[in-house]
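Next comes structure-v9.pdb, a file with PDB, C-alpha atoms, pLDDT in the B column.
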```pdb
ATOM      1  CA  MET U 994     120.280  50.565 -87.208  1.00 67.00           C
ATOM      2  CA  VAL U 995     117.758  52.329 -84.922  1.00 72.00           C
ATOM      3  CA  GLU U 996     119.101  53.415 -81.581  1.00 78.00           C
ATOM      4  CA  TRP U 997     116.181  52.636 -79.276  1.00 74.00           C
ATOM      5  CA  ALA U 998     118.118  53.806 -76.243  1.00 76.00           C
ATOM      6  CA  LYS U 999     117.947  57.378 -77.565  1.00 76.00           C
ATOM      7  CA  ILE U1000     114.495  57.294 -79.161  1.00 79.00           C
ATOM      8  CA  LEU U1001     112.483  55.763 -76.279  1.00 80.00           C
ATOM      9  CA  PRO U1002     113.517  58.308 -73.603  1.00 81.00           C
ATOM     10  CA  ALA U1003     112.859  61.190 -76.036  1.00 80.00           C
ATOM     11  CA  ALA U1004     109.445  59.774 -76.954  1.00 81.00           C
ATOM     12  CA  ALA U1005     108.584  59.207 -73.283  1.00 82.00           C
ATOM     13  CA  PHE U1006     109.665  62.727 -72.391  1.00 81.00           C
ATOM     14  CA  GLY U1007     107.653  64.153 -75.304  1.00 85.00           C
ATOM     15  CA  GLY U1008     104.572  62.192 -74.259  1.00 85.00           C
ATOM     16  CA  LEU U1009     104.929  63.300 -70.640  1.00 82.00           C
ATOM     17  CA  ALA U1010     105.436  66.935 -71.692  1.00 84.00           C
ATOM     18  CA  GLY U1011     102.315  66.756 -73.889  1.00 85.00           C
ATOM     19  CA  PHE U1012     100.283  65.240 -71.065  1.00 82.00           C
ATOM     20  CA  VAL U1013     101.421  67.883 -68.554  1.00 82.00           C
ATOM     21  CA  SER U1014     100.762  70.653 -71.085  1.00 86.00           C
ATOM     22  CA  ALA U1015      97.223  69.375 -71.753  1.00 84.00           C
ATOM     23  CA  ARG U1016      96.478  69.092 -68.032  1.00 84.00           C
ATOM     24  CA  LEU U1017      97.776  72.622 -67.424  1.00 84.00           C
ATOM     25  CA  GLN U1018      95.662  74.003 -70.274  1.00 85.00           C
ATOM     26  CA  ASP U1019      92.601  72.216 -68.879  1.00 80.00           C
ATOM     27  CA  TYR U1020      93.281  73.554 -65.370  1.00 78.00           C
ATOM     28  CA  LEU U1021      93.674  77.139 -66.627  1.00 80.00           C
ATOM     29  CA  SER U1022      90.544  76.866 -68.774  1.00 80.00           C
ATOM     30  CA  ARG U1023      88.480  75.546 -65.860  1.00 81.00           C
ATOM     31  CA  ARG U1024      89.855  78.255 -63.587  1.00 84.00           C
ATOM     32  CA  ARG U1025      88.819  80.982 -66.061  1.00 87.00           C
ATOM     33  CA  ARG U1026      85.377  79.389 -66.401  1.00 85.00           C
ATOM     34  CA  PHE U1027      84.894  79.146 -62.633  1.00 87.00           C
ATOM     35  CA  LYS U1028      85.971  82.754 -62.206  1.00 90.00           C
ATOM     36  CA  ALA U1029      83.465  83.838 -64.871  1.00 89.00           C
ATOM     37  CA  LEU U1030      80.648  81.802 -63.256  1.00 90.00           C
ATOM     38  CA  ALA U1031      81.387  83.232 -59.825  1.00 90.00           C
ATOM     39  CA  GLY U1032      81.605  86.764 -61.233  1.00 90.00           C
ATOM     40  CA  ALA U1033      78.224  86.458 -62.956  1.00 91.00           C
ATOM     41  CA  LEU U1034      76.600  85.079 -59.803  1.00 93.00           C
ATOM     42  CA  LEU U1035      78.163  87.816 -57.670  1.00 93.00           C
ATOM     43  CA  ALA U1036      76.697  90.409 -60.045  1.00 93.00           C
ATOM     44  CA  GLU U1037      73.252  88.825 -59.569  1.00 94.00           C
ATOM     45  CA  VAL U1038      73.696  88.767 -55.779  1.00 94.00           C
ATOM     46  CA  SER U1039      74.623  92.472 -55.840  1.00 93.00           C
ATOM     47  CA  ARG U1040      71.610  93.309 -58.030  1.00 93.00           C
ATOM     48  CA  VAL U1041      69.190  91.418 -55.790  1.00 93.00           C
ATOM     49  CA  GLY U1042      70.693  93.033 -52.678  1.00 92.00           C
ATOM     50  CA  ALA U1043      70.313  96.521 -54.174  1.00 90.00           C
ATOM     51  CA  GLU U1044      66.679  95.845 -55.093  1.00 89.00           C
ATOM     52  CA  LEU U1045      65.908  94.231 -51.744  1.00 87.00           C
ATOM     53  CA  GLY U1046      67.222  97.130 -49.677  1.00 83.00           C
ATOM     54  CA  GLN U1047      68.915  96.943 -46.318  1.00 81.00           C
ATOM     55  CA  PRO U1048      67.186  94.943 -43.583  1.00 76.00           C
ATOM     56  CA  GLU U1049      65.128  97.346 -41.480  1.00 76.00           C
ATOM     57  CA  PRO U1050      62.288  96.714 -39.044  1.00 72.00           C
ATOM     58  CA  VAL U1051      59.868  98.727 -41.222  1.00 72.00           C
ATOM     59  CA  ILE U1052      59.092  97.954 -44.848  1.00 73.00           C
ATOM     60  CA  ARG U1053      58.802 101.157 -46.829  1.00 71.00           C
ATOM     61  CA  ASP U1054      56.386 101.245 -49.715  1.00 69.00           C
ATOM     62  CA  TYR U1055      55.316 104.176 -51.849  1.00 66.00           C
ATOM     63  CA  ASP U1056      53.298 104.991 -54.906  1.00 66.00           C
ATOM     64  CA  ILE U1057      54.461 108.056 -56.808  1.00 69.00           C
ATOM     65  CA  ALA U1058      52.544 108.769 -60.001  1.00 71.00           C
ATOM     66  CA  GLY U1059      51.639 105.104 -60.304  1.00 67.00           C
ATOM     67  CA  VAL U1060      55.228 103.901 -59.838  1.00 66.00           C
ATOM     68  CA  SER U1061      55.904 101.717 -56.830  1.00 69.00           C
ATOM     69  CA  PRO U1062      58.760  99.401 -55.864  1.00 73.00           C
ATOM     70  CA  THR U1063      58.796  95.792 -56.927  1.00 78.00           C
ATOM     71  CA  THR U1064      60.194  92.894 -55.017  1.00 84.00           C
ATOM     72  CA  PRO U1065      63.390  91.341 -56.365  1.00 88.00           C
ATOM     73  CA  GLU U1066      63.567  87.954 -58.041  1.00 91.00           C
ATOM     74  CA  ILE U1067      66.454  85.862 -59.277  1.00 91.00           C
ATOM     75  CA  HIS U1068      66.689  86.596 -62.987  1.00 91.00           C
ATOM     76  CA  PRO U1069      65.686  83.601 -65.153  1.00 91.00           C
ATOM     77  CA  TRP U1070      68.977  83.770 -67.097  1.00 90.00           C
ATOM     78  CA  ILE U1071      70.872  83.039 -63.886  1.00 91.00           C
ATOM     79  CA  HIS U1072      69.246  79.630 -63.335  1.00 90.00           C
ATOM     80  CA  ARG U1073      71.538  77.933 -65.874  1.00 91.00           C
ATOM     81  CA  ILE U1074      74.600  79.556 -64.326  1.00 91.00           C
ATOM     82  CA  VAL U1075      73.555  78.356 -60.867  1.00 91.00           C
ATOM     83  CA  ILE U1076      73.364  74.788 -62.195  1.00 91.00           C
ATOM     84  CA  ASP U1077      76.838  75.129 -63.712  1.00 89.00           C
ATOM     85  CA  ALA U1078      78.142  76.574 -60.429  1.00 88.00           C
ATOM     86  CA  ALA U1079      77.467  73.243 -58.727  1.00 88.00           C
ATOM     87  CA  GLU U1080      80.907  72.303 -60.069  1.00 87.00           C
ATOM     88  CA  LEU U1081      82.391  75.045 -57.915  1.00 85.00           C
ATOM     89  CA  ASN U1082      80.565  74.158 -54.744  1.00 89.00           C
ATOM     90  CA  PRO U1083      77.138  72.488 -54.315  1.00 92.00           C
ATOM     91  CA  ALA U1084      76.443  74.857 -51.417  1.00 93.00           C
ATOM     92  CA  ILE U1085      76.059  77.656 -53.989  1.00 93.00           C
ATOM     93  CA  VAL U1086      73.042  75.877 -55.468  1.00 93.00           C
ATOM     94  CA  TYR U1087      71.581  75.346 -51.983  1.00 95.00           C
ATOM     95  CA  HIS U1088      71.930  79.030 -51.049  1.00 95.00           C
ATOM     96  CA  PHE U1089      70.423  80.195 -54.358  1.00 95.00           C
ATOM     97  CA  LEU U1090      67.450  77.874 -53.832  1.00 94.00           C
ATOM     98  CA  GLU U1091      66.998  79.200 -50.300  1.00 96.00           C
ATOM     99  CA  LEU U1092      67.336  82.789 -51.542  1.00 95.00           C
ATOM    100  CA  ASP U1093      64.730  82.131 -54.227  1.00 95.00           C
ATOM    101  CA  ARG U1094      62.335  80.718 -51.614  1.00 95.00           C
ATOM    102  CA  HIS U1095      62.834  83.683 -49.249  1.00 94.00           C
ATOM    103  CA  LEU U1096      62.367  86.189 -52.090  1.00 94.00           C
ATOM    104  CA  HIS U1097      59.156  84.466 -53.214  1.00 95.00           C
ATOM    105  CA  ASN U1098      57.763  84.498 -49.657  1.00 94.00           C
ATOM    106  CA  TYR U1099      58.857  88.123 -49.213  1.00 91.00           C
ATOM    107  CA  SER U1100      57.089  89.075 -52.451  1.00 91.00           C
ATOM    108  CA  SER U1101      53.854  87.422 -51.298  1.00 91.00           C
ATOM    109  CA  ILE U1102      53.922  89.134 -47.900  1.00 90.00           C
ATOM    110  CA  PHE U1103      54.977  92.464 -49.445  1.00 87.00           C
ATOM    111  CA  LEU U1104      51.988  92.412 -51.807  1.00 87.00           C
ATOM    112  CA  ARG U1105      49.655  91.445 -48.944  1.00 88.00           C
ATOM    113  CA  LEU U1106      51.173  94.275 -46.880  1.00 84.00           C
ATOM    114  CA  ARG U1107      50.473  96.694 -49.735  1.00 83.00           C
ATOM    115  CA  ASP U1108      46.859  95.461 -49.873  1.00 83.00           C
ATOM    116  CA  ALA U1109      46.502  95.880 -46.090  1.00 80.00           C
ATOM    117  CA  ARG U1110      47.903  99.415 -46.312  1.00 76.00           C
ATOM    118  CA  ASN U1111      45.394 100.309 -49.024  1.00 75.00           C
ATOM    119  CA  GLU U1112      42.402  99.009 -47.040  1.00 72.00           C
ATOM    120  CA  GLU U1113      40.126 101.654 -45.593  1.00 51.00           C
ATOM    121  CA  PRO U1114      41.162 102.932 -42.157  1.00 58.00           C
ATOM    122  CA  LEU U1115      39.192 102.016 -39.033  1.00 50.00           C
ATOM    123  CA  GLY U1116      36.093 104.159 -38.585  1.00 46.00           C
ATOM    124  CA  SER U1117      35.539 104.826 -42.279  1.00 47.00           C
ATOM    125  CA  SER U1118      33.379 101.733 -42.672  1.00 48.00           C
ATOM    126  CA  GLU U1119      31.303  99.488 -40.479  1.00 47.00           C
ATOM    127  CA  ALA U1120      33.682  96.527 -40.782  1.00 47.00           C
ATOM    128  CA  PRO U1121      36.344  96.262 -38.069  1.00 46.00           C
ATOM    129  CA  ALA U1122      40.001  96.571 -39.035  1.00 46.00           C
ATOM    130  CA  PRO U1123      41.559  93.205 -39.796  1.00 47.00           C
ATOM    131  CA  SER U1124      43.526  91.779 -36.903  1.00 44.00           C
ATOM    132  CA  LEU U1125      45.322  88.603 -36.134  1.00 45.00           C
ATOM    133  CA  GLU U1126      44.770  86.731 -32.920  1.00 46.00           C
ATOM    134  CA  VAL U1127      48.077  85.484 -31.554  1.00 46.00           C
ATOM    135  CA  ALA U1128      48.708  83.062 -28.760  1.00 46.00           C
ATOM    136  CA  ALA U1129      50.053  85.111 -25.891  1.00 46.00           C
ATOM    137  CA  SER U1130      51.347  84.108 -22.513  1.00 48.00           C
ATOM    138  CA  ASP U1131      49.461  87.003 -20.922  1.00 51.00           C
ATOM    139  CA  SER U1132      45.679  87.090 -21.354  1.00 54.00           C
ATOM    140  CA  ASP U1133      45.746  90.926 -21.293  1.00 60.00           C
ATOM    141  CA  ASP U1134      47.644  91.105 -24.618  1.00 68.00           C
ATOM    142  CA  ALA U1135      45.590  92.603 -27.414  1.00 71.00           C
ATOM    143  CA  PRO U1136      45.507  91.095 -30.886  1.00 78.00           C
ATOM    144  CA  ILE U1137      48.135  92.364 -33.302  1.00 78.00           C
ATOM    145  CA  PRO U1138      46.717  94.397 -36.192  1.00 82.00           C
ATOM    146  CA  LEU U1139      47.194  92.608 -39.503  1.00 81.00           C
ATOM    147  CA  PHE U1140      49.278  95.445 -40.985  1.00 81.00           C
ATOM    148  CA  ASP U1141      51.729  95.348 -38.045  1.00 83.00           C
ATOM    149  CA  PHE U1142      51.942  91.563 -38.201  1.00 86.00           C
ATOM    150  CA  LEU U1143      52.699  91.665 -41.933  1.00 86.00           C
ATOM    151  CA  GLN U1144      55.378  94.322 -41.304  1.00 87.00           C
ATOM    152  CA  ILE U1145      57.080  91.996 -38.814  1.00 88.00           C
ATOM    153  CA  ILE U1146      56.928  89.002 -41.161  1.00 90.00           C
ATOM    154  CA  ALA U1147      58.155  90.999 -44.191  1.00 89.00           C
ATOM    155  CA  ALA U1148      61.065  92.452 -42.219  1.00 89.00           C
ATOM    156  CA  GLU U1149      62.029  88.964 -41.005  1.00 91.00           C
ATOM    157  CA  LEU U1150      61.854  87.521 -44.536  1.00 92.00           C
ATOM    158  CA  ARG U1151      64.031  90.337 -45.848  1.00 91.00           C
ATOM    159  CA  ARG U1152      66.524  89.693 -43.047  1.00 92.00           C
ATOM    160  CA  THR U1153      66.706  85.962 -43.884  1.00 94.00           C
ATOM    161  CA  ALA U1154      67.124  86.781 -47.592  1.00 94.00           C
ATOM    162  CA  TRP U1155      70.074  88.983 -46.629  1.00 94.00           C
ATOM    163  CA  LYS U1156      71.600  86.085 -44.692  1.00 95.00           C
ATOM    164  CA  GLU U1157      71.525  84.019 -47.884  1.00 95.00           C
ATOM    165  CA  LEU U1158      72.978  86.918 -49.889  1.00 95.00           C
ATOM    166  CA  ASP U1159      75.838  87.234 -47.387  1.00 95.00           C
ATOM    167  CA  ALA U1160      76.486  83.487 -47.496  1.00 95.00           C
ATOM    168  CA  LEU U1161      76.582  83.603 -51.300  1.00 94.00           C
ATOM    169  CA  LYS U1162      78.965  86.573 -51.297  1.00 94.00           C
ATOM    170  CA  ALA U1163      81.327  84.678 -49.012  1.00 93.00           C
ATOM    171  CA  LEU U1164      81.151  81.478 -51.095  1.00 91.00           C
ATOM    172  CA  LEU U1165      81.488  83.163 -54.471  1.00 91.00           C
ATOM    173  CA  GLY U1166      84.181  85.564 -53.319  1.00 88.00           C
ATOM    174  CA  ARG U1167      86.595  82.642 -53.023  1.00 86.00           C
ATOM    175  CA  TYR U1168      86.221  81.836 -56.715  1.00 84.00           C
ATOM    176  CA  ALA U1169      85.748  85.272 -58.275  1.00 79.00           C
ATOM    177  CA  SER U1170      88.984  86.877 -57.136  1.00 71.00           C
ATOM    178  CA  SER U1171      92.434  85.915 -58.301  1.00 52.00           C
ATOM    179  CA  PRO U1172      95.233  84.962 -55.856  1.00 46.00           C
ATOM    180  CA  ALA U1173      96.896  88.356 -56.456  1.00 40.00           C
ATOM    181  CA  GLN U1174      93.666  90.138 -55.476  1.00 45.00           C
ATOM    182  CA  LYS U1175      93.340  87.978 -52.360  1.00 47.00           C
ATOM    183  CA  ASP U1176      96.872  88.979 -51.292  1.00 42.00           C
ATOM    184  CA  THR U1177      96.131  92.692 -51.693  1.00 40.00           C
ATOM    185  CA  GLN U1178      92.808  92.363 -49.857  1.00 46.00           C
ATOM    186  CA  SER U1179      94.343  90.565 -46.879  1.00 46.00           C
ATOM    187  CA  GLY U1180      97.498  92.685 -46.701  1.00 41.00           C
TER     188      GLY U1180
END
```
Would you write the structure of this file as structure tokens?
Amino acid sequence: MVEWAKILPAAAFGGLAGFVSARLQDYLSRRRRFKALAGALLAEVSRVGAELGQPEPVIRDYDIAGVSPTTPEIHPWIHRIVIDAAELNPAIVYHFLELDRHLHNYSSIFLRLRDARNEEPLGSSEAPAPSLEVAASDSDDAPIPLFDFLQIIAAELRRTAWKELDALKALLGRYASSPAQKDTQSG
């Protein structure tokens, strides 16, 4: 005769152990995946930051033997990873979208700044130097030259891009480092 009193508890325990084991495996797999996503995005944030350069009030541009700096962009391969990172925190997607917008605007202004720099200096032609009329509280204020205005805008766009980079570093740092690394960093 079958002893159900012994078989049922063993079967229940086996089922519970299997369930807990599967959940643990799933948790560890997701944790590894999240760490890999955050690590890849942090690498992209570091690359963009290195290409962007530190925020300074003056945008430096050069042309040495036909080689000049480019403005950074978010690499197209990263777009899929950003979508997957929404599982980590939807704010990551928001900050990458904002960063992409700031980098696009910075690129446009940077190229316009380069064009303004390459225009002929005042006095070399009959056309006046381009300037931008700004609303001023004092009627004695002179218009701002276009080149100076573009410098101000480009520096501000680079500064706002750095704000997004810093926000992303803070968000992704929570997921990219292991608990042991967090303990050594805080201690």
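Among U:Leu1092, U:Ile1000, U:Ile1137, U:Ile1146, the residue with the shortest atom-to-atom distance to Leu1045 of chain U, counting only C-alpha atoms, is U:Leu1092.
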Find the smallest box with edges along x, y and z containing every listed atom of segment 1024-1040 of chain U, then add 4 Å on each side and report centre and edge lengths in Å to one decimal, as lines of an AutoDock Vina configuration file.
```
center_x = 80.7
center_y = 85.8
center_z = -61.1
size_x = 26.2
size_y = 23.1
size_z = 18.6
```
Identify which of the residues U:Arg1053, U:Asp1108, U:Leu1158, U:Ile1076 lies closest to Val1038 of chain U, counting all atoms listed in the file when measuring atom-to-atom distances.
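Of U:Arg1053, U:Asp1108, U:Leu1158, U:Ile1076, the one nearest Val1038 of chain U is U:Leu1158, counting all atoms listed in the file.
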Using Å and a single decimal, report how far atom CA of Gly1011 of chain U sits from atom CA of Arg1024 of chain U.
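Computing the Euclidean distance for atom CA of Arg1024 of chain U and atom CA of Gly1011 of chain U yields 19.8 Å.
This file gives the following result for the PyMOL selection byres ((chain U and resi 1027) around 9): Ser1022, Arg1023, Arg1024, Arg1025, Arg1026, Lys1028, Ala1029, Leu1030, Ala1031, Gly1032, Ala1078, Glu1080, Leu1081, Tyr1168 and Ala1169 of chain U.
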Quick one: write out the picked residues with C-alpha atoms as a compact mmCIF listing (two decimals), in the frame of the given file?
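The result, stored in part34.txt:
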```
# COMPACT_ATOMS: atom_id res chain seq x y z
CA SER U 1022 90.54 76.87 -68.77
CA ARG U 1023 88.48 75.55 -65.86
CA ARG U 1024 89.86 78.26 -63.59
CA ARG U 1025 88.82 80.98 -66.06
CA ARG U 1026 85.38 79.39 -66.40
CA LYS U 1028 85.97 82.75 -62.21
CA ALA U 1029 83.46 83.84 -64.87
CA LEU U 1030 80.65 81.80 -63.26
CA ALA U 1031 81.39 83.23 -59.82
CA GLY U 1032 81.60 86.76 -61.23
CA ALA U 1078 78.14 76.57 -60.43
CA GLU U 1080 80.91 72.30 -60.07
CA LEU U 1081 82.39 75.04 -57.92
CA TYR U 1168 86.22 81.84 -56.72
CA ALA U 1169 85.75 85.27 -58.28
```
Residue nearest Thr1153 of chain U among U:Leu1035, U:Pro1065, U:Tyr1099, U:Ala1003 (counting only C-alpha atoms):
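Ranked by minimum distance to Thr1153 of chain U, first place goes to U:Tyr1099.
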In Å to one decimal, how far is atom CA of Gly1008 of chain U from atom CA of Glu996 of chain U?
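Result for atom CA of Glu996 of chain U versus atom CA of Gly1008 of chain U: 18.5 Å, one decimal.
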A straight line from atom CA of Lys1156 of chain U to atom CA of Phe1089 of chain U spans 11.4 Å
Specify as an NGL selection string each residue included when the PyMOL selection byres ((chain U and resi 1087) around 12) is applied to this file.
:U and (1075-1076 or 1078-1079 or 1082-1086 or 1088-1094 or 1157-1158 or 1160-1161 or 1164)
For the file shown, what are the residues hit by the PyMOL selection byres ((chain U and resi 1047) around 12), laid out as a PyMOL selection string?
chain U and resi 1039+1041-1046+1048-1053+1148-1156+1158-1159
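For the residues U:Ala1010, U:Leu1017, U:Val995, U:Leu1034, ranking by smallest atom-to-atom distance to Ala1163 of chain U using only C-alpha atoms places U:Leu1034 first.
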